[in-house]
>>> print(open('work.csv').read())   # CSV, C-alpha atoms (C1' of nucleotides)
chain,number,residue,atom,x,y,z
A,9,MET,CA,32.7,1.9,-160.0
A,10,VAL,CA,29.0,1.6,-160.8
A,11,LYS,CA,27.6,-1.8,-160.0
A,12,LEU,CA,25.1,-3.4,-162.2
A,13,GLU,CA,22.7,-3.4,-159.3
A,14,ALA,CA,22.6,0.4,-159.3
A,15,ALA,CA,22.5,0.6,-163.1
A,16,ILE,CA,19.4,-1.5,-163.5
A,17,GLN,CA,17.9,-1.0,-160.0
A,18,SER,CA,17.9,-4.7,-159.3
A,19,THR,CA,19.4,-6.6,-156.5
A,20,LYS,CA,18.5,-10.2,-156.9
A,21,PHE,CA,20.1,-12.3,-159.7
A,22,LYS,CA,19.7,-16.0,-160.1
A,23,ASN,CA,23.4,-16.5,-159.9
A,24,GLU,CA,26.7,-15.0,-161.1
A,25,VAL,CA,26.4,-16.4,-164.6
A,26,HIS,CA,22.9,-14.9,-165.0
A,27,LYS,CA,24.2,-11.6,-163.7
A,28,ALA,CA,27.1,-11.8,-166.1
A,29,GLY,CA,24.6,-12.0,-169.0
A,30,LEU,CA,22.8,-8.9,-167.9
A,31,ASN,CA,26.2,-7.2,-167.2
A,32,ILE,CA,27.4,-7.9,-170.7
A,33,LEU,CA,24.2,-6.5,-172.2
A,34,TYR,CA,24.3,-3.4,-170.0
A,35,THR,CA,28.0,-2.7,-170.7
A,36,ALA,CA,27.4,-3.0,-174.4
A,37,TRP,CA,24.6,-0.5,-174.2
A,38,TRP,CA,26.9,1.8,-172.2
A,39,LEU,CA,29.7,1.5,-174.7
A,40,LYS,CA,27.4,2.1,-177.7
A,41,THR,CA,25.9,5.2,-176.0
A,42,LYS,CA,29.4,6.7,-175.3
A,43,SER,CA,30.5,6.4,-178.9
A,44,SER,CA,27.2,7.4,-180.5
A,45,CYS,CA,27.4,10.5,-178.4
A,46,GLU,CA,30.7,11.5,-180.2
A,47,LEU,CA,29.5,10.4,-183.6
A,48,LYS,CA,26.4,12.5,-183.4
A,49,ASP,CA,28.5,15.7,-184.0
A,50,PHE,CA,29.4,14.2,-187.4
A,51,GLY,CA,25.9,13.1,-188.3
A,52,LEU,CA,27.0,9.4,-188.1
A,53,THR,CA,25.4,6.5,-186.3
A,54,HIS,CA,27.4,3.8,-184.6
A,55,GLU,CA,26.5,1.4,-187.4
A,56,GLN,CA,27.4,3.8,-190.2
A,57,TYR,CA,30.7,4.3,-188.5
A,58,ASN,CA,31.2,0.6,-188.3
A,59,VAL,CA,30.7,0.2,-192.1
A,60,LEU,CA,33.1,3.0,-192.8
A,61,ARG,CA,35.7,1.4,-190.6
A,62,ILE,CA,35.3,-1.9,-192.3
A,63,LEU,CA,35.7,-0.2,-195.8
A,64,LYS,CA,38.9,1.5,-194.5
A,65,GLY,CA,40.4,-1.9,-193.8
A,66,LYS,CA,40.5,-2.7,-197.5
A,67,HIS,CA,40.8,0.8,-198.9
A,68,PRO,CA,41.5,1.7,-201.7
A,69,GLU,CA,40.0,-1.6,-202.7
A,70,GLN,CA,36.3,-2.0,-203.1
A,71,MET,CA,34.2,-4.4,-201.0
A,72,CYS,CA,31.0,-6.1,-201.9
A,73,VAL,CA,28.0,-5.8,-199.6
A,74,ARG,CA,28.2,-9.4,-198.4
A,75,ASP,CA,31.8,-9.0,-197.4
A,76,ILE,CA,31.0,-5.9,-195.4
A,77,ALA,CA,28.1,-7.7,-193.7
A,78,SER,CA,30.3,-10.6,-192.6
A,79,ARG,CA,32.5,-8.2,-190.7
A,80,MET,CA,29.7,-6.3,-188.9
A,81,ILE,CA,29.5,-6.7,-185.1
A,82,GLU,CA,25.7,-7.0,-185.2
A,83,LYS,CA,25.2,-9.7,-187.9
A,84,ASN,CA,21.6,-8.8,-188.6
A,85,SER,CA,22.4,-5.3,-189.7
A,86,ASN,CA,20.8,-4.4,-193.0
A,87,VAL,CA,23.9,-3.4,-194.8
A,88,PRO,CA,22.3,-2.2,-198.0
A,89,ARG,CA,20.2,0.3,-196.1
A,90,ILE,CA,23.1,1.6,-194.0
A,91,ILE,CA,25.0,2.1,-197.3
A,92,ASP,CA,22.0,4.0,-198.6
A,93,ARG,CA,22.5,6.6,-195.9
A,94,LEU,CA,26.3,6.8,-196.4
A,95,GLU,CA,25.8,7.2,-200.1
A,96,LEU,CA,23.3,10.0,-199.6
A,97,LYS,CA,26.0,11.8,-197.5
A,98,LYS,CA,28.5,11.0,-200.3
A,99,LEU,CA,30.8,9.1,-197.9
A,100,VAL,CA,30.8,6.0,-200.0
A,101,LYS,CA,30.3,5.2,-203.7
A,102,ARG,CA,28.3,2.3,-205.1
A,103,THR,CA,29.1,0.6,-208.4
A,104,GLN,CA,27.9,-2.6,-209.9
A,105,GLY,CA,30.3,-5.5,-209.8
A,106,GLU,CA,32.1,-6.2,-213.1
A,107,LEU,CA,33.1,-9.8,-212.4
A,108,ASP,CA,29.7,-10.6,-210.9
A,109,GLY,CA,26.8,-8.5,-212.0
A,110,ARG,CA,24.9,-9.4,-208.9
A,111,GLN,CA,27.4,-7.7,-206.6
A,112,THR,CA,27.4,-4.1,-205.6
A,113,MET,CA,30.9,-2.8,-204.9
A,114,ILE,CA,31.4,-0.1,-202.3
A,115,VAL,CA,34.3,2.2,-201.9
A,116,LEU,CA,35.1,5.1,-199.6
A,117,THR,CA,35.1,8.6,-201.1
A,118,ASN,CA,37.6,11.2,-200.0
A,119,ALA,CA,34.9,12.7,-197.8
A,120,GLY,CA,34.4,9.3,-196.3
A,121,ILE,CA,38.1,8.9,-195.5
A,122,ASN,CA,38.3,12.3,-194.0
A,123,ILE,CA,35.3,12.0,-191.7
A,124,LEU,CA,36.6,8.5,-190.7
A,125,GLU,CA,40.0,9.8,-189.7
A,126,THR,CA,38.6,12.6,-187.6
A,127,THR,CA,36.0,10.5,-185.8
A,128,THR,CA,38.4,7.6,-185.2
A,129,ILE,CA,40.8,9.9,-183.4
A,130,LYS,CA,37.8,11.2,-181.2
A,131,LEU,CA,36.5,7.7,-180.6
A,132,ASP,CA,39.9,6.2,-179.7
A,133,LYS,CA,40.3,9.1,-177.2
A,134,ILE,CA,36.9,8.3,-175.6
A,135,PHE,CA,38.0,4.6,-175.4
A,136,ASP,CA,41.2,5.5,-173.7
A,137,GLU,CA,39.6,8.0,-171.3
A,138,HIS,CA,36.5,6.1,-170.4
A,139,ILE,CA,37.4,2.5,-170.3
A,140,SER,CA,39.1,1.9,-167.0
A,141,ILE,CA,40.9,-1.3,-167.4
A,142,ASN,CA,44.6,-2.0,-168.3
A,143,GLN,CA,45.9,-4.2,-171.1
A,144,THR,CA,46.3,-7.3,-168.8
A,145,GLU,CA,42.7,-7.0,-167.5
A,146,ALA,CA,41.5,-6.5,-171.0
A,147,ALA,CA,43.2,-9.7,-172.1
A,148,GLN,CA,41.6,-11.6,-169.2
A,149,LEU,CA,38.2,-10.1,-170.2
A,150,ASN,CA,38.7,-11.2,-173.8
A,151,MET,CA,39.4,-14.7,-172.7
A,152,LEU,CA,36.3,-14.8,-170.5
A,153,LEU,CA,34.0,-13.4,-173.2
A,154,GLU,CA,35.3,-15.9,-175.7
A,155,LYS,CA,34.7,-18.6,-173.1
A,156,VAL,CA,31.1,-17.4,-172.7
A,157,ARG,CA,30.5,-18.0,-176.4
A,158,GLU,CA,32.3,-21.3,-176.4
A,159,LYS,CA,29.3,-23.2,-177.6
A,160,GLU,CA,28.7,-20.8,-180.4
A,161,LYS,CA,27.8,-22.6,-183.6
B,14,MET,CA,35.7,-21.5,-178.6
B,15,VAL,CA,35.0,-18.9,-181.3
B,16,LYS,CA,37.5,-16.1,-181.3
B,17,LEU,CA,36.4,-12.6,-182.0
B,18,GLU,CA,38.7,-12.6,-184.9
B,19,ALA,CA,36.7,-15.3,-186.6
B,20,ALA,CA,33.3,-13.7,-185.7
B,21,ILE,CA,34.0,-10.3,-187.2
B,22,GLN,CA,36.6,-11.4,-189.8
B,23,SER,CA,39.2,-9.0,-188.4
B,24,THR,CA,42.6,-9.7,-187.2
B,25,LYS,CA,44.2,-6.4,-186.2
B,26,PHE,CA,43.0,-4.6,-183.2
B,27,LYS,CA,44.6,-1.5,-181.8
B,28,ASN,CA,45.3,-3.2,-178.4
B,29,GLU,CA,43.6,-5.6,-176.0
B,30,VAL,CA,41.4,-2.8,-174.5
B,31,HIS,CA,40.1,-1.9,-177.9
B,32,LYS,CA,39.5,-5.5,-178.7
B,33,ALA,CA,37.6,-5.9,-175.4
B,34,GLY,CA,35.2,-3.2,-176.5
B,35,LEU,CA,34.4,-5.0,-179.7
B,36,ASN,CA,34.2,-8.3,-177.9
B,37,ILE,CA,31.6,-6.9,-175.4
B,38,LEU,CA,29.5,-5.5,-178.2
B,39,TYR,CA,29.7,-8.8,-180.2
B,40,THR,CA,29.0,-11.0,-177.1
B,41,ALA,CA,25.9,-8.8,-176.3
B,42,TRP,CA,24.6,-9.3,-179.8
B,43,TRP,CA,25.2,-13.0,-179.5
B,44,LEU,CA,23.3,-13.2,-176.2
B,45,LYS,CA,20.4,-11.2,-177.5
B,46,THR,CA,20.1,-13.3,-180.6
B,47,LYS,CA,20.1,-16.5,-178.6
B,48,SER,CA,17.3,-15.4,-176.3
B,49,SER,CA,15.3,-13.6,-179.0
B,50,CYS,CA,15.3,-16.9,-180.9
B,51,GLU,CA,13.5,-18.6,-178.0
B,52,LEU,CA,11.1,-15.7,-177.4
B,53,LYS,CA,10.0,-15.7,-181.0
B,54,ASP,CA,7.9,-18.8,-180.4
B,55,PHE,CA,5.9,-16.8,-177.9
B,56,GLY,CA,5.6,-13.7,-180.1
B,57,LEU,CA,7.7,-11.7,-177.7
B,58,THR,CA,10.7,-9.5,-178.3
B,59,HIS,CA,13.7,-9.3,-176.0
B,60,GLU,CA,12.6,-5.9,-174.8
B,61,GLN,CA,9.0,-6.9,-174.2
B,62,TYR,CA,10.3,-9.8,-172.1
B,63,ASN,CA,12.5,-7.4,-170.1
B,64,VAL,CA,9.5,-5.3,-169.3
B,65,LEU,CA,7.4,-8.3,-168.2
B,66,ARG,CA,10.3,-9.5,-166.0
B,67,ILE,CA,10.6,-6.1,-164.4
B,68,LEU,CA,6.9,-6.1,-163.6
B,69,LYS,CA,7.2,-9.5,-162.1
B,70,GLY,CA,9.6,-8.2,-159.6
B,71,LYS,CA,6.9,-6.1,-158.0
B,72,HIS,CA,3.9,-8.2,-158.8
B,73,PRO,CA,1.0,-8.0,-157.8
B,74,GLU,CA,1.9,-4.4,-157.2
B,75,GLN,CA,1.6,-1.9,-160.1
B,76,MET,CA,4.5,0.0,-161.4
B,77,CYS,CA,4.6,3.4,-163.2
B,78,VAL,CA,6.3,3.8,-166.6
B,79,ARG,CA,9.2,5.8,-165.2
B,80,ASP,CA,9.9,3.1,-162.6
B,81,ILE,CA,10.0,0.4,-165.3
B,82,ALA,CA,12.2,2.6,-167.5
B,83,SER,CA,14.8,3.0,-164.8
B,84,ARG,CA,15.2,-0.8,-164.6
B,85,MET,CA,15.6,-1.4,-168.3
B,86,ILE,CA,19.0,-2.6,-169.5
B,87,GLU,CA,18.9,-0.3,-172.5
B,88,LYS,CA,18.1,3.1,-171.0
B,89,ASN,CA,16.8,4.7,-174.2
B,90,SER,CA,14.0,2.2,-174.6
B,91,ASN,CA,10.7,3.8,-175.4
B,92,VAL,CA,8.8,2.1,-172.6
B,93,PRO,CA,5.3,3.5,-173.4
B,94,ARG,CA,5.6,2.0,-176.8
B,95,ILE,CA,6.7,-1.4,-175.6
B,96,ILE,CA,3.8,-1.3,-173.2
B,97,ASP,CA,1.5,-0.5,-176.1
B,98,ARG,CA,2.4,-3.9,-177.7
B,99,LEU,CA,2.1,-5.8,-174.4
B,100,GLU,CA,-1.3,-4.2,-173.8
B,101,LEU,CA,-2.5,-5.2,-177.3
B,102,LYS,CA,-1.5,-8.8,-176.5
B,103,LYS,CA,-3.3,-8.4,-173.1
B,104,LEU,CA,-0.2,-9.3,-171.1
B,105,VAL,CA,-0.3,-6.1,-169.1
B,106,LYS,CA,-3.0,-3.7,-168.0
B,107,ARG,CA,-2.8,0.1,-167.9
B,108,THR,CA,-4.6,2.3,-165.5
B,109,GLN,CA,-4.2,6.0,-164.7
B,110,GLY,CA,-2.4,6.8,-161.4
B,111,GLU,CA,-4.7,7.6,-158.5
B,112,LEU,CA,-2.2,9.5,-156.3
B,113,ASP,CA,-0.6,11.2,-159.3
B,114,GLY,CA,-2.8,11.7,-162.3
B,115,ARG,CA,0.2,12.0,-164.6
B,116,GLN,CA,1.4,8.5,-164.0
B,117,THR,CA,0.2,5.4,-165.8
B,118,MET,CA,0.3,2.4,-163.7
B,119,ILE,CA,1.1,-1.0,-165.2
B,120,VAL,CA,0.3,-4.4,-163.9
B,121,LEU,CA,0.7,-7.9,-165.3
B,122,THR,CA,-2.4,-9.8,-166.3
B,123,ASN,CA,-2.8,-13.5,-165.6
B,124,ALA,CA,-1.9,-14.2,-169.3
B,125,GLY,CA,1.3,-12.0,-168.7
B,126,ILE,CA,2.3,-14.1,-165.6
B,127,ASN,CA,1.7,-17.3,-167.5
B,128,ILE,CA,3.7,-16.4,-170.6
B,129,LEU,CA,6.5,-15.1,-168.4
B,130,GLU,CA,6.8,-18.3,-166.4
B,131,THR,CA,7.0,-20.4,-169.5
B,132,THR,CA,9.5,-18.2,-171.2
B,133,THR,CA,11.6,-17.7,-168.2
B,134,ILE,CA,12.1,-21.5,-167.8
B,135,LYS,CA,13.1,-21.7,-171.5
B,136,LEU,CA,15.5,-18.8,-171.3
B,137,ASP,CA,17.1,-19.9,-168.1
B,138,LYS,CA,17.7,-23.3,-169.8
B,139,ILE,CA,19.3,-21.6,-172.8
B,140,PHE,CA,21.5,-19.6,-170.4
B,141,ASP,CA,22.6,-22.7,-168.6
B,142,GLU,CA,23.2,-24.7,-171.8
B,143,HIS,CA,24.9,-22.0,-173.9
B,144,ILE,CA,26.9,-19.9,-171.5
B,145,SER,CA,30.1,-21.9,-171.0
B,146,ILE,CA,31.5,-20.3,-167.8
B,147,ASN,CA,31.3,-21.4,-164.2
B,148,GLN,CA,30.2,-19.3,-161.3
B,149,THR,CA,33.8,-18.3,-160.4
B,150,GLU,CA,34.6,-17.2,-163.9
B,151,ALA,CA,31.3,-15.3,-164.0
B,152,ALA,CA,32.2,-13.4,-160.8
B,153,GLN,CA,35.5,-12.5,-162.3
B,154,LEU,CA,33.8,-11.3,-165.5
B,155,ASN,CA,31.3,-9.2,-163.5
B,156,MET,CA,34.2,-7.6,-161.7
B,157,LEU,CA,36.0,-6.7,-165.0
B,158,LEU,CA,32.8,-5.4,-166.6
B,159,GLU,CA,32.1,-3.1,-163.7
B,160,LYS,CA,35.7,-1.9,-163.8
B,161,VAL,CA,35.2,-1.1,-167.5
B,162,ARG,CA,32.4,1.2,-166.5
B,163,GLU,CA,34.3,2.7,-163.6
B,164,LYS,CA,34.2,6.2,-164.9
B,165,GLU,CA,30.5,6.0,-165.6
B,166,LYS,CA,28.7,9.1,-164.6
C,26,DC,C1',-4.6,32.4,-156.2
C,27,DA,C1',-2.6,32.8,-160.8
C,28,DT,C1',1.3,31.9,-163.4
C,29,DA,C1',5.6,29.5,-164.3
C,30,DA,C1',8.4,25.5,-163.9
C,31,DT,C1',8.7,20.7,-163.5
C,32,DT,C1',7.3,16.0,-164.1
C,33,DA,C1',5.1,11.8,-166.3
C,34,DT,C1',3.8,10.0,-170.2
C,35,DA,C1',2.7,10.0,-175.1
C,36,DT,C1',3.7,10.9,-179.8
C,37,DG,C1',6.5,11.9,-183.9
C,38,DT,C1',10.7,11.2,-186.9
C,39,DA,C1',14.9,9.1,-188.5
C,40,DT,C1',17.6,5.1,-188.3
C,41,DA,C1',18.4,0.4,-187.0
C,42,DT,C1',17.3,-4.6,-186.1
C,43,DA,C1',15.1,-8.9,-187.4
C,44,DC,C1',13.2,-11.3,-190.7
C,45,DA,C1',10.4,-12.3,-195.0
C,46,DT,C1',10.1,-11.7,-199.7
C,47,DG,C1',11.3,-9.9,-204.4
C,48,DT,C1',14.5,-9.4,-208.3
C,49,DA,C1',18.1,-10.1,-211.2
C,50,DA,C1',22.4,-12.4,-212.3
C,51,DT,C1',25.0,-16.6,-212.1
C,52,DA,C1',25.7,-21.5,-211.6
C,53,DA,C1',24.2,-26.2,-211.8
C,54,DA,C1',21.5,-29.8,-213.7
C,55,DA,C1',18.5,-32.3,-217.0
D,28,DT,C1',20.3,-25.4,-224.0
D,29,DT,C1',16.5,-24.7,-221.3
D,30,DT,C1',15.2,-25.2,-216.8
D,31,DT,C1',16.1,-25.0,-211.9
D,32,DA,C1',18.5,-23.6,-208.0
D,33,DT,C1',21.4,-20.5,-205.8
D,34,DT,C1',23.5,-16.2,-204.8
D,35,DA,C1',23.7,-11.1,-204.0
D,36,DC,C1',21.4,-7.5,-203.1
D,37,DA,C1',17.2,-4.6,-202.5
D,38,DT,C1',12.8,-3.8,-200.5
D,39,DG,C1',8.9,-4.2,-197.3
D,40,DT,C1',7.0,-4.7,-192.5
D,41,DA,C1',7.0,-4.8,-187.5
D,42,DT,C1',9.4,-3.5,-183.6
D,43,DA,C1',13.1,-1.0,-181.3
D,44,DT,C1',16.4,2.9,-180.4
D,45,DA,C1',17.6,7.7,-180.0
D,46,DC,C1',16.0,11.9,-179.5
D,47,DA,C1',12.8,15.9,-180.0
D,48,DT,C1',8.5,17.7,-178.9
D,49,DA,C1',3.7,17.8,-177.2
D,50,DT,C1',0.3,17.3,-173.5
D,51,DA,C1',-1.6,17.1,-169.2
D,52,DA,C1',-1.0,17.0,-164.2
D,53,DT,C1',1.4,18.6,-160.4
D,54,DT,C1',4.5,21.5,-157.8
D,55,DA,C1',6.8,25.8,-156.9
D,56,DT,C1',6.8,30.8,-157.0
D,57,DG,C1',5.3,35.5,-156.9
>>> encode(input="work.csv", output="structure tokens")
Amino acid sequence: MVKLEAAIQSTKFKNEVHKAGLNILYTAWWLKTKSSCELKDFGLTHEQYNVLRILKGKHPEQMCVRDIASRMIEKNSNVPRIIDRLELKKLVKRTQGELDGRQTMIVLTNAGINILETTTIKLDKIFDEHISINQTEAAQLNMLLEKVREKEK
Amino acid sequence: MVKLEAAIQSTKFKNEVHKAGLNILYTAWWLKTKSSCELKDFGLTHEQYNVLRILKGKHPEQMCVRDIASRMIEKNSNVPRIIDRLELKKLVKRTQGELDGRQTMIVLTNAGINILETTTIKLDKIFDEHISINQTEAAQLNMLLEKVREKEK
DNA sequence: CATAATTATATGTATATACATGTAATAAAA
DNA sequence: TTTTATTACATGTATATACATATAATTATG
């Protein structure tokens, strides 16, 4: 087990709550790095993968940009720009909305579905192999994280 | 309490461990956003603040770039470039290393110390007001996060 | 001592975040 | 209906991440 103290070369924290904040930030970085590492082989970034995964949830239906954005983990992601890159790689297709001309509708291409399936298998494996908690501990962790954000507006 | 399901508009997760992964990523984004919001008034980014805070830990001693980098939460941060911006704002001072000519030594200026003190008070307040867990829960959370990273190399 | 390898930092490029602004389509109001 | 406001998306800018490469100083090796 690697303690936060070793990871960020720091021994004094104001208190356990303060340390928990840093621990969450560091663990998120650790997780992102682990998965980005796998995705690199497929020329995908973590964020591009996230958009593909969101699209998969509705496939074969199309989704508008706003709808995708609302499901992103990092809410400030610039979804149109991420879609630009996915479109260049021909993993998604853009069409103008028919009902609402302002909307841009996005749908996965076959290439998109294929790359998503392969990468998802790889990522799930990484998750299973590198995250060392059991389901009960994970449930406890989920409860605590949601409690952290209790005062979220 | 805001459930992850509501935050990322998603109801089905593979299992609790998988959900915990997403929950960690989302909570980290939430924390970063909260603090960046405060730092904005001072023209500082989260990462710039992190560098200042690290320098404070050794002040009035100088620190070399590598030493700062090893203490960063996000290990891929481009520390020389972050220091560029802090130097422009005259919050830190760069000097070439005397013992080792390759090193660049960084030290906080008075302006750096001042801005750090003010912002730290504000950020600690945000932490206390917005993180809704007690010390015991935080300790439990720290234990679980470190267990998540158990297989860290 | 001269050359090679290593180390510390800087710089360059692609992509992302954070946020402001622009543009076109739709909805609401006078 | 004409104007105004809003909405959906795109685009622009500054900074950051992720990673490759460059440069200069130091250390190791022959």
>>> residues_around(input="work.csv", residues="D:DA37", least_positions_apart="5", cutoff="10 Å", atoms="only C-alpha atoms (C1' of nucleotides)", output="NGL selection string")
(:A and (88-89)) or (:C and (47-48))
>>> atom_distance(input="work.csv", atom1="atom CA of B:Glu142", atom2="atom CA of B:Asn155")
19.4 Å
>>> closest_atom_pairs(input="work.csv", of="stretch 47-159 of chain B", to="stretch 29-39 of chain C", cutoff="10 Å", atoms="all atoms listed in the file", output="tab-separated table")
residue	atom	partner	partner_atom	distance
B:Cys77	CA	C:DA33	C1'	9.0
B:Val78	CA	C:DT34	C1'	7.6
B:Arg79	CA	C:DA33	C1'	7.3
B:Val92	CA	C:DT34	C1'	9.7
B:Pro93	CA	C:DA35	C1'	7.2
B:Arg94	CA	C:DA35	C1'	8.7
B:Asp113	CA	C:DA33	C1'	9.0
B:Gly114	CA	C:DA33	C1'	8.9
B:Arg115	CA	C:DA33	C1'	5.2
B:Gln116	CA	C:DA33	C1'	5.5
B:Thr117	CA	C:DT34	C1'	7.3
>>> write_last_selection(input="work.csv", atoms="C-alpha atoms", output="CSV table (one decimal), in the frame of the given file")
chain,number,residue,atom,x,y,z
B,77,CYS,CA,4.6,3.4,-163.2
B,78,VAL,CA,6.3,3.8,-166.6
B,79,ARG,CA,9.2,5.8,-165.2
B,92,VAL,CA,8.8,2.1,-172.6
B,93,PRO,CA,5.3,3.5,-173.4
B,94,ARG,CA,5.6,2.0,-176.8
B,113,ASP,CA,-0.6,11.2,-159.3
B,114,GLY,CA,-2.8,11.7,-162.3
B,115,ARG,CA,0.2,12.0,-164.6
B,116,GLN,CA,1.4,8.5,-164.0
B,117,THR,CA,0.2,5.4,-165.8
>>> closest_atom_pairs(input="work.csv", of="chain C", to="chain A", cutoff="8 Å", atoms="only C-alpha atoms (C1' of nucleotides)", output="CSV")
residue,atom,partner,partner_atom,distance
C:DA41,C1',A:Ser85,CA,7.5
C:DT42,C1',A:Ser85,CA,6.3
C:DA43,C1',A:Asn84,CA,6.6
C:DA49,C1',A:Arg110,CA,7.2
C:DA50,C1',A:Arg110,CA,5.2
C:DT51,C1',A:Asp108,CA,7.7
>>> interface_residues(input="work.csv", of="chain A", to="chain B", cutoff="8 Å", atoms="all atoms listed in the file", output="PyMOL selection string")
chain A and resi 9-12+15-18+23-40+78-82+135+138-147+149-150+152-160
>>> interface_residues(input="work.csv", of="chain D", to="chain A", cutoff="12 Å", atoms="only C-alpha atoms (C1' of nucleotides)", output="list in words")
DT34, DA35, DC36, DA37, DT38, DT44, DA45 and DC46 of chain D
>>> atom_distance(input="work.csv", atom1="atom C1' of C:DA53", atom2="atom C1' of D:DA32")
7.3 Å
>>> residues_around(input="work.csv", residues="A:Leu94", least_positions_apart="4", cutoff="9 Å", atoms="only C-alpha atoms (C1' of nucleotides)", output="PyMOL selection string")
chain A and resi 52+56+60+89-90+98-101+120
>>> atom_distance(input="work.csv", atom1="atom C1' of C:DT40", atom2="atom CA of A:Asp49")
15.8 Å
>>> residues_near_point(input="work.csv", point="(1.4, 1.4, -161.6)", cutoff="7 Å", atoms="all atoms listed in the file", output="CSV table (one decimal) with C-alpha atoms, keeping the file's coordinate frame")
chain,number,residue,atom,x,y,z
B,75,GLN,CA,1.6,-1.9,-160.1
B,76,MET,CA,4.5,0.0,-161.4
B,77,CYS,CA,4.6,3.4,-163.2
B,110,GLY,CA,-2.4,6.8,-161.4
B,117,THR,CA,0.2,5.4,-165.8
B,118,MET,CA,0.3,2.4,-163.7
B,119,ILE,CA,1.1,-1.0,-165.2
B,120,VAL,CA,0.3,-4.4,-163.9
>>> residues_around(input="work.csv", residues="A:Leu131", least_positions_apart="4", cutoff="8 Å", atoms="all atoms listed in the file", output="JSON, numbers by chain")
{"A": [43, 46, 127, 135]}
>>> write_last_selection(input="work.csv", atoms="C-alpha atoms", output="compact mmCIF listing (two decimals), in the coordinates of the input")
# COMPACT_ATOMS: atom_id res chain seq x y z
CA SER A 43 30.50 6.40 -178.90
CA GLU A 46 30.70 11.50 -180.20
CA THR A 127 36.00 10.50 -185.80
CA PHE A 135 38.00 4.60 -175.40
>>> closest_residue(input="work.csv", among="B:Glu74, B:Ile96, B:Phe55, B:Arg107", to="B:Asn127", atoms="all atoms listed in the file")
B:Phe55
>>> build_atoms(input="work.csv", residues="stretch 53-64 of chain B", atoms="N, CA and C atoms", output="CSV table (one decimal), in the frame of the given file")
chain,number,residue,atom,x,y,z
B,53,LYS,N,10.8,-15.8,-179.7
B,53,LYS,CA,10.0,-15.7,-181.0
B,53,LYS,C,8.8,-16.6,-181.0
B,54,ASP,N,9.0,-17.8,-180.5
B,54,ASP,CA,7.9,-18.8,-180.4
B,54,ASP,C,6.7,-18.2,-179.7
B,55,PHE,N,7.0,-17.3,-178.7
B,55,PHE,CA,5.9,-16.8,-177.9
B,55,PHE,C,5.4,-15.4,-178.4
B,56,GLY,N,6.0,-15.0,-179.5
B,56,GLY,CA,5.6,-13.7,-180.1
B,56,GLY,C,6.1,-12.5,-179.3
B,57,LEU,N,7.2,-12.8,-178.5
B,57,LEU,CA,7.7,-11.7,-177.7
B,57,LEU,C,9.1,-11.3,-178.2
B,58,THR,N,9.4,-10.0,-178.0
B,58,THR,CA,10.7,-9.5,-178.3
B,58,THR,C,11.5,-9.5,-177.0
B,59,HIS,N,12.8,-9.4,-177.1
B,59,HIS,CA,13.7,-9.3,-176.0
B,59,HIS,C,13.3,-8.2,-175.0
B,60,GLU,N,12.9,-7.1,-175.6
B,60,GLU,CA,12.6,-5.9,-174.8
B,60,GLU,C,11.2,-6.0,-174.1
B,61,GLN,N,10.3,-6.6,-174.8
B,61,GLN,CA,9.0,-6.9,-174.2
B,61,GLN,C,9.2,-7.9,-173.0
B,62,TYR,N,10.0,-8.9,-173.2
B,62,TYR,CA,10.3,-9.8,-172.1
B,62,TYR,C,10.9,-9.1,-170.9
B,63,ASN,N,11.8,-8.2,-171.2
B,63,ASN,CA,12.5,-7.4,-170.1
B,63,ASN,C,11.5,-6.7,-169.3
B,64,VAL,N,10.5,-6.0,-170.0
B,64,VAL,CA,9.5,-5.3,-169.3
B,64,VAL,C,8.6,-6.2,-168.4
